[in-house]
$ cat upload-v1.txt   # compact mmCIF, C-alpha atoms and all ligand atoms
# COMPACT_ATOMS: atom_id res chain seq x y z
CA SER A 1 -31.61 186.05 173.00
CA GLY A 2 -30.82 183.02 170.91
CA PRO A 3 -31.66 182.34 167.27
CA LEU A 4 -34.92 183.65 165.90
CA THR A 5 -37.38 182.24 163.42
CA VAL A 6 -37.68 183.89 160.04
CA GLY A 7 -41.06 185.26 161.06
CA GLU A 8 -39.78 186.78 164.30
CA PHE A 9 -36.78 188.24 162.57
CA ALA A 10 -38.91 189.80 159.85
CA LYS A 11 -41.03 191.42 162.52
CA LEU A 12 -37.95 192.93 164.14
CA LEU A 13 -36.90 194.36 160.81
CA ARG A 14 -40.46 195.51 160.18
CA LYS A 15 -40.49 193.62 156.93
CA GLU A 16 -42.85 191.05 155.53
CA ALA A 17 -41.71 187.50 156.17
CA SER A 18 -42.01 186.91 152.42
CA GLU A 19 -39.43 189.65 151.76
CA VAL A 20 -37.01 188.04 154.18
CA ILE A 21 -37.63 184.62 152.67
CA ARG A 22 -36.95 186.06 149.21
CA LYS A 23 -33.64 187.48 150.41
CA LEU A 24 -32.74 184.17 151.99
CA ILE A 25 -33.50 182.37 148.76
CA SER A 26 -31.33 184.83 146.87
CA LEU A 27 -28.54 183.73 149.21
CA GLY A 28 -29.30 180.14 148.46
CA ILE A 29 -31.02 179.45 151.76
CA MET A 30 -34.38 177.77 151.48
CA ALA A 31 -36.29 178.77 154.59
CA THR A 32 -39.82 178.70 155.87
CA ILE A 33 -41.39 181.25 158.19
CA ASN A 34 -40.97 179.04 161.25
CA GLN A 35 -37.40 178.09 160.54
CA GLU A 36 -34.71 179.37 162.88
CA ILE A 37 -31.88 181.33 161.35
CA ASP A 38 -28.53 181.92 162.95
CA VAL A 39 -26.98 185.20 163.94
CA ASP A 40 -24.60 185.41 160.98
CA THR A 41 -27.44 184.93 158.52
CA MET A 42 -29.49 187.53 160.38
CA SER A 43 -26.66 190.03 160.08
CA VAL A 44 -26.34 189.46 156.36
CA ILE A 45 -30.07 189.77 155.75
CA ALA A 46 -30.35 192.85 157.93
CA GLU A 47 -27.52 194.45 156.01
CA GLU A 48 -29.34 193.69 152.79
CA PHE A 49 -32.18 195.78 154.20
CA GLY A 50 -29.77 198.52 155.21
CA VAL A 51 -29.62 197.75 158.93
CA THR A 52 -26.38 196.86 160.68
CA VAL A 53 -27.02 194.24 163.28
CA GLU A 54 -24.67 193.53 166.07
CA TYR A 55 -25.27 190.47 168.15
CA LYS A 56 -24.83 191.18 171.82
CA GLU A 57 -23.59 187.84 173.08
CA GLU A 58 -20.96 187.07 170.52
CA VAL A 59 -19.51 183.78 169.46
CA ASP A 60 -16.82 184.02 172.12
CA GLU A 61 -19.46 183.78 174.74
CA SER A 62 -20.78 180.49 173.41
CA ASN A 63 -19.25 179.10 176.58
CA PHE A 64 -22.39 180.33 178.23
CA GLU A 65 -24.74 178.70 175.74
CA GLU A 66 -22.90 175.42 176.11
CA GLN A 67 -23.41 175.50 179.82
CA GLU A 68 -27.14 175.99 179.31
CA GLU A 69 -27.48 173.13 176.91
CA ASN A 70 -25.52 170.66 178.92
CA ASP A 71 -27.96 170.71 181.77
CA ASP A 72 -28.44 167.06 182.54
CA PRO A 73 -31.97 166.73 183.95
CA GLU A 74 -30.49 164.55 186.71
CA ALA A 75 -28.35 167.47 187.83
CA LEU A 76 -31.30 169.81 188.27
CA VAL A 77 -32.51 170.54 191.75
CA GLU A 78 -35.27 172.72 193.11
CA ARG A 79 -34.30 176.35 193.56
CA PRO A 80 -35.98 179.09 195.58
CA PRO A 81 -38.40 181.39 193.74
CA VAL A 82 -37.25 184.94 193.05
CA VAL A 83 -40.03 187.31 194.00
CA THR A 84 -40.34 190.97 193.09
CA ILE A 85 -42.52 193.25 195.14
CA MET A 86 -44.10 195.95 193.02
CA GLY A 87 -46.78 198.53 193.43
CA HIS A 88 -47.58 202.20 193.69
CA VAL A 89 -45.49 204.58 195.78
CA ASP A 90 -46.24 204.39 199.51
CA HIS A 91 -48.50 201.38 199.21
CA GLY A 92 -46.20 199.57 201.62
CA LYS A 93 -43.70 197.50 199.62
CA THR A 94 -40.73 198.13 201.88
CA THR A 95 -42.77 197.85 205.07
CA LEU A 96 -44.13 194.52 203.89
CA LEU A 97 -40.66 193.24 203.12
CA ASP A 98 -39.44 194.46 206.50
CA LYS A 99 -42.17 192.58 208.22
CA ILE A 100 -41.29 189.50 206.24
CA ARG A 101 -37.66 189.77 207.24
CA HIS A 102 -38.47 190.85 210.81
CA THR A 103 -36.07 193.68 210.33
CA ASN A 104 -36.40 197.34 209.80
CA VAL A 105 -34.91 198.65 206.60
CA THR A 106 -37.26 201.62 206.19
CA ALA A 107 -35.88 203.32 209.28
CA GLY A 108 -32.50 203.62 207.58
CA GLU A 109 -33.79 204.94 204.27
CA ALA A 110 -33.54 208.61 203.45
CA GLY A 111 -37.07 209.99 203.63
CA GLY A 112 -38.48 206.48 203.67
CA ILE A 113 -38.09 206.19 199.91
CA THR A 114 -36.38 203.08 198.64
CA GLN A 115 -32.93 203.99 197.36
CA HIS A 116 -31.67 200.62 196.25
CA ILE A 117 -32.93 197.35 195.07
CA GLY A 118 -32.53 195.31 198.15
CA ALA A 119 -32.17 191.60 197.58
CA TYR A 120 -32.93 189.31 200.47
CA GLN A 121 -33.61 185.72 201.22
CA VAL A 122 -36.03 184.44 203.83
CA GLU A 123 -36.83 180.94 204.96
CA ILE A 124 -40.37 179.71 205.56
CA ASN A 125 -41.30 176.10 206.39
CA ASN A 126 -37.73 175.09 205.50
CA LYS A 127 -38.10 176.63 202.06
CA LYS A 128 -36.26 179.69 200.88
CA ILE A 129 -37.73 182.64 199.02
CA THR A 130 -35.58 185.35 197.42
CA PHE A 131 -37.03 188.83 197.41
CA LEU A 132 -36.15 191.84 195.32
CA ASP A 133 -37.38 195.23 196.45
CA THR A 134 -37.42 197.66 193.54
CA PRO A 135 -36.99 201.41 193.40
CA GLY A 136 -39.80 202.35 191.08
CA HIS A 137 -39.55 200.07 188.10
CA ALA A 138 -36.53 201.42 186.29
CA ALA A 139 -34.12 198.59 186.98
CA PHE A 140 -36.79 196.00 186.30
CA THR A 141 -37.47 197.64 182.96
CA THR A 142 -33.77 197.68 182.11
CA MET A 143 -33.42 194.02 182.95
CA ARG A 144 -36.44 193.08 180.94
CA ALA A 145 -35.29 195.16 177.99
CA ARG A 146 -32.06 193.19 178.10
CA GLY A 147 -33.97 189.98 178.04
CA ALA A 148 -32.98 188.93 181.52
CA LYS A 149 -35.85 187.15 183.14
CA VAL A 150 -35.07 187.74 186.74
CA THR A 151 -38.35 187.28 188.54
CA ASP A 152 -40.44 184.16 188.95
CA ILE A 153 -43.33 185.73 190.83
CA THR A 154 -44.53 189.28 191.37
CA ILE A 155 -46.27 190.36 194.53
CA LEU A 156 -48.41 193.32 193.60
CA VAL A 157 -48.95 195.50 196.64
CA VAL A 158 -52.12 197.59 196.56
CA ALA A 159 -53.10 199.71 199.55
CA ALA A 160 -56.69 198.90 200.47
CA ASP A 161 -57.36 202.53 201.43
CA ASP A 162 -55.97 203.97 198.20
CA GLY A 163 -56.84 201.44 195.52
CA VAL A 164 -55.34 200.99 192.06
CA LYS A 165 -53.03 203.83 190.98
CA PRO A 166 -50.96 204.52 187.84
CA GLN A 167 -47.90 202.64 189.06
CA THR A 168 -50.09 199.70 190.02
CA VAL A 169 -51.16 199.46 186.40
CA GLU A 170 -47.57 199.89 185.23
CA ALA A 171 -46.50 197.03 187.47
CA ILE A 172 -49.26 194.82 186.07
CA ASN A 173 -48.12 195.59 182.55
CA HIS A 174 -44.50 194.78 183.38
CA ALA A 175 -45.41 191.48 184.97
CA LYS A 176 -47.68 190.53 182.09
CA ALA A 177 -45.09 191.45 179.48
CA ALA A 178 -42.52 189.34 181.30
CA ASP A 179 -45.06 186.54 181.71
CA VAL A 180 -44.62 186.48 185.47
CA PRO A 181 -47.51 185.34 187.68
CA ILE A 182 -48.97 187.98 189.98
CA ILE A 183 -50.09 187.49 193.56
CA VAL A 184 -52.01 190.48 194.90
CA ALA A 185 -51.29 191.61 198.44
CA VAL A 186 -54.11 193.92 199.48
CA ASN A 187 -52.21 195.92 202.09
CA LYS A 188 -53.10 198.30 204.92
CA MET A 189 -56.07 196.15 205.92
CA ASP A 190 -55.66 197.51 209.47
CA LYS A 191 -56.86 200.93 208.32
CA PRO A 192 -60.51 201.76 208.98
CA GLU A 193 -60.85 203.09 205.42
CA ALA A 194 -59.62 199.80 203.93
CA ASN A 195 -61.84 198.71 201.07
CA PRO A 196 -60.56 195.41 199.66
CA ASP A 197 -63.63 194.88 197.48
CA ARG A 198 -62.91 198.08 195.63
CA VAL A 199 -59.34 196.85 194.96
CA LYS A 200 -60.71 193.58 193.60
CA GLN A 201 -63.19 195.43 191.43
CA GLN A 202 -60.51 197.75 190.05
CA LEU A 203 -58.02 194.96 189.39
CA THR A 204 -60.67 192.87 187.67
CA GLU A 205 -60.84 195.67 185.12
CA HIS A 206 -57.14 195.01 184.48
CA GLY A 207 -57.62 191.31 183.99
CA LEU A 208 -56.75 190.21 187.53
CA VAL A 209 -59.89 188.41 188.61
CA PRO A 210 -59.93 186.99 192.15
CA GLU A 211 -60.42 183.26 192.60
CA GLU A 212 -63.59 183.78 194.62
CA TRP A 213 -65.04 185.67 191.66
CA GLY A 214 -64.25 182.83 189.32
CA GLY A 215 -60.87 184.11 188.20
CA GLU A 216 -57.36 182.80 188.68
CA THR A 217 -55.62 185.54 190.64
CA ILE A 218 -54.71 184.98 194.26
CA PHE A 219 -55.58 187.94 196.48
CA VAL A 220 -54.31 187.98 200.05
CA PRO A 221 -55.45 190.67 202.48
CA VAL A 222 -52.49 191.74 204.63
CA SER A 223 -51.23 194.40 206.97
CA ALA A 224 -47.55 195.14 206.77
CA ILE A 225 -47.86 196.90 210.12
CA THR A 226 -49.65 194.26 212.19
CA GLY A 227 -48.35 191.30 210.21
CA ALA A 228 -51.83 189.94 209.59
CA GLY A 229 -52.05 187.73 206.50
CA ILE A 230 -48.32 187.62 205.84
CA ASP A 231 -47.91 183.92 206.60
CA GLU A 232 -50.72 183.18 204.16
CA LEU A 233 -49.09 185.40 201.55
CA LEU A 234 -45.80 183.51 201.85
CA GLU A 235 -47.61 180.18 201.66
CA MET A 236 -49.21 181.34 198.42
CA VAL A 237 -45.78 182.30 197.07
CA LEU A 238 -44.50 178.81 197.80
CA LEU A 239 -47.60 177.28 196.26
CA VAL A 240 -47.21 179.22 193.02
CA ALA A 241 -43.49 178.41 193.00
CA GLU A 242 -44.24 174.72 193.38
CA VAL A 243 -46.42 174.77 190.29
CA GLN A 244 -43.61 176.46 188.34
CA GLU A 245 -41.18 173.65 189.22
CA LEU A 246 -38.23 176.02 189.38
CA LYS A 247 -34.99 174.15 188.89
CA ALA A 248 -31.31 174.90 188.50
CA ASN A 249 -28.03 173.06 188.35
CA PRO A 250 -25.85 173.96 191.32
CA ASP A 251 -22.92 171.96 189.95
CA LYS A 252 -21.83 174.29 187.22
CA ARG A 253 -20.22 177.66 186.77
CA ALA A 254 -22.51 180.43 187.89
CA ARG A 255 -24.32 182.98 185.82
CA GLY A 256 -26.86 185.57 186.76
CA VAL A 257 -27.57 189.24 186.82
CA VAL A 258 -26.22 192.34 188.55
CA ILE A 259 -28.92 193.79 190.78
CA GLU A 260 -27.01 196.86 191.86
CA ALA A 261 -23.40 198.00 192.06
CA GLU A 262 -21.39 200.84 193.46
CA LEU A 263 -17.90 202.00 194.21
CA ASP A 264 -17.19 201.62 197.89
CA LYS A 265 -14.35 203.70 199.32
CA GLY A 266 -12.83 200.91 201.31
CA ARG A 267 -13.84 197.86 199.33
CA GLY A 268 -13.66 199.01 195.72
CA ALA A 269 -16.29 197.89 193.22
CA VAL A 270 -19.10 196.11 195.05
CA ALA A 271 -21.88 194.43 193.12
CA THR A 272 -25.00 192.75 194.43
CA VAL A 273 -25.70 189.91 192.07
CA LEU A 274 -28.40 187.31 191.84
CA VAL A 275 -27.08 183.86 191.00
CA GLN A 276 -29.61 182.41 188.56
CA ASN A 277 -27.91 179.14 187.78
CA GLY A 278 -24.80 177.33 188.95
CA THR A 279 -22.91 178.06 192.13
CA LEU A 280 -20.76 181.14 192.56
CA LYS A 281 -17.59 180.66 194.59
CA VAL A 282 -14.91 182.83 196.11
CA GLY A 283 -11.95 182.74 193.72
CA ASP A 284 -14.12 182.45 190.58
CA GLY A 285 -13.19 184.59 187.60
CA VAL A 286 -16.28 186.50 186.57
CA VAL A 287 -17.29 188.87 183.80
CA ALA A 288 -19.97 191.31 184.92
CA GLY A 289 -21.04 193.78 182.27
CA ASN A 290 -17.80 195.14 180.82
CA TYR A 291 -15.59 194.12 183.70
CA PHE A 292 -13.63 191.12 184.72
CA GLY A 293 -12.59 190.26 188.23
CA LYS A 294 -11.66 187.43 190.52
CA ILE A 295 -14.07 187.18 193.40
CA ARG A 296 -12.14 188.19 196.49
CA ALA A 297 -14.99 187.88 198.94
CA MET A 298 -18.74 187.40 199.06
CA VAL A 299 -21.19 188.77 201.61
CA ASN A 300 -24.74 187.51 201.99
CA ASP A 301 -27.90 189.55 202.64
CA ARG A 302 -27.32 189.35 206.37
CA GLY A 303 -23.88 190.86 206.07
CA ARG A 304 -22.06 187.57 206.63
CA ARG A 305 -19.15 186.35 204.58
CA VAL A 306 -19.90 183.27 202.54
CA LYS A 307 -17.74 181.06 200.33
CA VAL A 308 -20.44 179.79 197.97
CA ALA A 309 -23.71 181.14 196.58
CA PRO A 310 -26.06 178.51 195.08
CA PRO A 311 -28.90 179.25 192.59
CA SER A 312 -31.39 182.02 193.48
CA THR A 313 -29.01 183.48 196.07
CA PRO A 314 -28.42 187.23 196.18
CA VAL A 315 -24.89 188.02 197.21
CA GLU A 316 -22.49 190.95 197.25
CA ILE A 317 -19.29 190.31 195.38
CA LEU A 318 -15.95 192.06 195.78
CA GLY A 319 -13.08 191.96 193.33
CA LEU A 320 -14.43 193.38 190.06
CA SER A 321 -12.13 195.82 188.29
CA ASP A 322 -14.89 198.43 188.03
CA VAL A 323 -18.60 199.00 188.63
CA PRO A 324 -20.98 197.16 186.26
CA GLY A 325 -24.50 198.42 185.56
CA ALA A 326 -27.71 197.25 187.19
CA GLY A 327 -29.23 194.62 184.95
CA ASP A 328 -25.89 193.58 183.43
CA PRO A 329 -25.45 189.83 183.11
CA PHE A 330 -22.55 188.13 184.83
CA MET A 331 -20.96 184.80 184.20
CA VAL A 332 -18.07 182.79 185.51
CA PHE A 333 -15.23 181.91 183.17
CA GLU A 334 -12.99 179.02 183.98
CA ASP A 335 -10.51 180.40 181.50
CA GLU A 336 -9.34 183.67 182.97
CA LYS A 337 -7.76 184.83 179.73
CA LYS A 338 -11.01 184.38 177.87
CA GLY A 339 -12.92 186.23 180.57
CA ARG A 340 -10.54 189.16 180.45
CA ALA A 341 -10.63 189.24 176.66
CA ILE A 342 -14.42 189.36 176.61
CA ALA A 343 -14.55 192.13 179.18
CA GLU A 344 -11.96 194.13 177.24
CA ARG A 345 -13.80 193.68 174.01
CA ARG A 346 -17.09 194.78 175.50
CA MET A 347 -15.35 197.82 176.93
CA ALA A 348 -13.81 198.70 173.59
CA LYS A 349 -17.17 198.32 171.92
CA GLN A 350 -18.82 200.59 174.45
CA LYS A 351 -16.12 203.22 173.99
CA GLU A 352 -16.55 203.06 170.26
CA GLU A 353 -20.28 203.57 170.70
CA GLU A 354 -19.69 206.47 173.05
CA ARG A 355 -17.42 208.11 170.50
CA GLY A 356 -20.47 207.95 168.30
CA GLY A 357 -18.43 206.54 165.46
CA ASN A 358 -20.00 203.77 163.49
CA LYS A 359 -23.69 203.91 164.22
CA ARG A 360 -24.90 200.44 164.91
CA VAL A 361 -28.15 198.86 165.87
CA THR A 362 -28.09 195.96 168.28
CA LEU A 363 -30.70 193.25 168.36
CA ASP A 364 -31.64 194.72 171.72
CA ASP A 365 -32.43 198.04 170.14
CA LEU A 366 -34.52 196.28 167.58
CA PHE A 367 -36.44 194.49 170.30
CA LYS A 368 -37.08 197.75 172.09
CA GLN A 369 -38.64 199.22 168.99
CA ILE A 370 -41.50 196.76 168.80
P1 LIG A 401 -41.78 203.53 197.99
O1 LIG A 401 -40.59 202.67 198.24
O2 LIG A 401 -41.54 204.97 198.23
O3 LIG A 401 -42.44 203.28 196.67
O4 LIG A 401 -42.92 203.16 199.10
P2 LIG A 401 -43.31 201.73 199.65
O5 LIG A 401 -44.35 201.10 198.80
O6 LIG A 401 -42.10 200.94 199.95
O7 LIG A 401 -44.07 202.14 201.00
P3 LIG A 401 -43.52 202.08 202.48
O8 LIG A 401 -43.31 200.69 202.91
O9 LIG A 401 -42.40 203.02 202.61
O10 LIG A 401 -44.82 202.60 203.26
C1 LIG A 401 -45.39 203.87 203.07
C2 LIG A 401 -46.15 204.31 204.30
O11 LIG A 401 -47.27 203.45 204.51
C3 LIG A 401 -45.32 204.23 205.57
O12 LIG A 401 -45.65 205.32 206.38
C4 LIG A 401 -45.78 202.94 206.22
O13 LIG A 401 -45.66 202.95 207.62
C5 LIG A 401 -47.23 202.89 205.80
N1 LIG A 401 -47.74 201.51 205.75
C6 LIG A 401 -47.19 200.48 205.04
N2 LIG A 401 -47.92 199.37 205.20
C7 LIG A 401 -48.92 199.67 206.05
C8 LIG A 401 -50.02 198.93 206.61
O14 LIG A 401 -50.20 197.72 206.38
N3 LIG A 401 -50.86 199.60 207.44
C9 LIG A 401 -50.71 200.91 207.72
N4 LIG A 401 -51.59 201.47 208.54
N5 LIG A 401 -49.69 201.65 207.21
C10 LIG A 401 -48.82 201.03 206.38
MG MG A 402 -40.05 201.27 199.45

$ encode --input "upload-v1.txt" --output "structure tokens" --more "lines below"
Ligand code: GTP
Ligand code: MG
Amino acid sequence: SGPLTVGEFAKLLRKEASEVIRKLISLGIMATINQEIDVDTMSVIAEEFGVTVEYKEEVDESNFEEQEENDDPEALVERPPVVTIMGHVDHGKTTLLDKIRHTNVTAGEAGGITQHIGAYQVEINNKKITFLDTPGHAAFTTMRARGAKVTDITILVVAADDGVKPQTVEAINHAKAADVPIIVAVNKMDKPEANPDRVKQQLTEHGLVPEEWGGETIFVPVSAITGAGIDELLEMVLLVAEVQELKANPDKRARGVVIEAELDKGRGAVATVLVQNGTLKVGDGVVAGNYFGKIRAMVNDRGRRVKVAPPSTPVEILGLSDVPGAGDPFMVFEDEKKGRAIAERRMAKQKEEERGGNKRVTLDDLFKQI
């Protein structure tokens, strides 16, 4: 989250914009409702209203902002779309992804329930697509709450024999809130009880109107078991991605988000990260969540060692000092000392919070309250 306008900031504080403007004026700052105010000013104003604001990405991390701003349009190249598959339990998300990858992940899952967010890349017509398979929606919610926009497109899986269910609606709400386009995969079309028209009818009530009914939502009938319709589904993903003109700069230091992480007995802290911009390389110094590390090795989604991971690539990284959280941002620091210092400071801050000492409100918390 960068600077906010006076109006947005007032909303966060649950104050009238006029009150905030009055405070600003009392500080000698003439501001209008649409004017952006910086973090320091926000802190001062918030304190005036009795709220302590802590800015999550502190000045030290301006390194990261600089990188964003310096994106020369010439340096931008097309990047693969990152697609999340969402939908109600048992509607076939994992089976669909398996079919797409021509592998069989479900067989290895305890009780057939997705335990991890898998992150995979597939290639269709010489174009790559990155997929995230989600366990429920918890991690997605965390990431969104932290302001990380991870997904470019959502495939909403709805079983044609079961129709729209509570988690289907939840998924729609998540995608809408994150402003991510939805492609509907009407799954289990091989079943005799399949009723795709009912699915269309139900989704129309939630604002997803099929193109053939005059709306804008792409519906693709598929069967994750037989594979029917899957090529068309992937073509639609590429089509929607093309319209989005997704670009990134592979020639800079990488940043992205931690998808999942764990402590592996033999390998130490292992994190699956999604590179969102830049190129991640073996040997890079990286801060992920509260931890710093030098990347010792990287493993791709097929279990192969790789030396570089360009934008939109999911990759496992080894070498972090400890296990970061799912949804934590990561970024590469050229200056190792700075990276270590930032990680240490974040750690100290977290410990202080855990001790329950000084009660503070972060901008994140404020966002969550709206
Ligand atoms: P969770 O990860 O638990 O939320 O479930 P999921 O959405 O990943 O569903 P999963 O892929 O595990 O599929 C649930 C069940 O539906 C399994 O028994 C699948 O074999 C079955 N199934 C999935 N897709 C199809 C389909 O297209 N046709 C038929 N007939 N069965 C399907
Ligand atoms: Mg699953």

$ axis_aligned_box --input "upload-v1.txt" --around "ligand LIG 401 (chain A)" --padding-each-side "3 Å" --output "AutoDock Vina command-line options"
--center_x -46.1 --center_y 201.5 --center_z 202.6 --size_x 17.0 --size_y 13.6 --size_z 17.9

$ atom_distance --input "upload-v1.txt" --atom1 "atom CA of A:Gly266" --atom2 "atom CA of A:Leu318"
10.9 Å

$ closest_residue --input "upload-v1.txt" --among "A:Glu245, A:Asp335, A:Glu16, A:Glu8" --to "A:Asn34" --atoms "all atoms listed in the file"
A:Glu8

$ atom_distance --input "upload-v1.txt" --atom1 "atom CA of A:Ile182" --atom2 "atom CA of A:Asp301"
24.6 Å

$ residues_around --input "upload-v1.txt" --residues "A:Asn195" --least-positions-apart "4" --cutoff "9 Å" --atoms "all atoms listed in the file" --output "PyMOL selection string"
chain A and resi 159-163+189+199

$ closest_residue --input "upload-v1.txt" --among "A:Val222, A:Ala261, A:Val44, A:Ala10" --to "A:Gly92" --atoms "only C-alpha atoms"
A:Val222

$ atom_distance --input "upload-v1.txt" --atom1 "atom N1 of ligand LIG 401 (chain A)" --atom2 "atom CA of A:Asp90"
7.0 Å

$ closest_atom_pairs --input "upload-v1.txt" --of "chain A" --to "ligand LIG 401 (chain A)" --cutoff "6 Å" --atoms "only C-alpha atoms and all ligand atoms" --output "tab-separated table"
residue	atom	partner	partner_atom	distance
A:Val89	CA	A:LIG401	O3	3.4
A:Asp90	CA	A:LIG401	O7	3.5
A:His91	CA	A:LIG401	O5	4.2
A:Gly92	CA	A:LIG401	O8	3.4
A:Lys93	CA	A:LIG401	O5	3.7
A:Thr94	CA	A:LIG401	O6	3.7
A:Thr95	CA	A:LIG401	O8	3.6
A:Gly112	CA	A:LIG401	O9	5.3
A:Ile113	CA	A:LIG401	O2	4.0
A:Thr114	CA	A:LIG401	O1	4.2
A:Asn187	CA	A:LIG401	O14	5.1
A:Lys188	CA	A:LIG401	O14	3.3
A:Asp190	CA	A:LIG401	N3	5.6
A:Lys191	CA	A:LIG401	N4	5.3
A:Ser223	CA	A:LIG401	O14	3.5
A:Ala224	CA	A:LIG401	O14	3.7
A:Ile225	CA	A:LIG401	O14	4.5

$ closest_residue --input "upload-v1.txt" --among "A:Arg253, A:Lys338, A:Lys349, A:His88" --to "ligand MG 402 (chain A)" --atoms "all atoms listed in the file"
A:His88

$ closest_residue --input "upload-v1.txt" --among "A:Ala248, A:Ala177, A:Ile317, A:Val306" --to "A:Arg267" --atoms "only C-alpha atoms"
A:Ile317

$ closest_residue --input "upload-v1.txt" --among "A:Gly87, A:Leu208, A:Arg355, A:Leu4" --to "ligand MG 402 (chain A)" --atoms "all atoms listed in the file"
A:Gly87

$ closest_residue --input "upload-v1.txt" --among "A:Ile85, A:Val323, A:Gly50, A:Glu36" --to "ligand MG 402 (chain A)" --atoms "all atoms listed in the file"
A:Ile85

$ residues_around --input "upload-v1.txt" --residues "A:Glu211" --least-positions-apart "5" --cutoff "12 Å" --atoms "only C-alpha atoms" --output "PyMOL selection string"
chain A and resi 183-184+200+204+216-220

$ residues_around --input "upload-v1.txt" --residues "A:Lys176" --least-positions-apart "2" --cutoff "12 Å" --atoms "all atoms listed in the file" --output "PyMOL selection string"
chain A and resi 144+151-154+156+169-174+178-182+206-208

$ residues_around --input "upload-v1.txt" --residues "A:Thr41" --least-positions-apart "2" --cutoff "12 Å" --atoms "only C-alpha atoms" --output "MDAnalysis selection string"
chainID A and resid 3:6 9 20:21 23:25 27:29 31 36:39 43:48 53:55
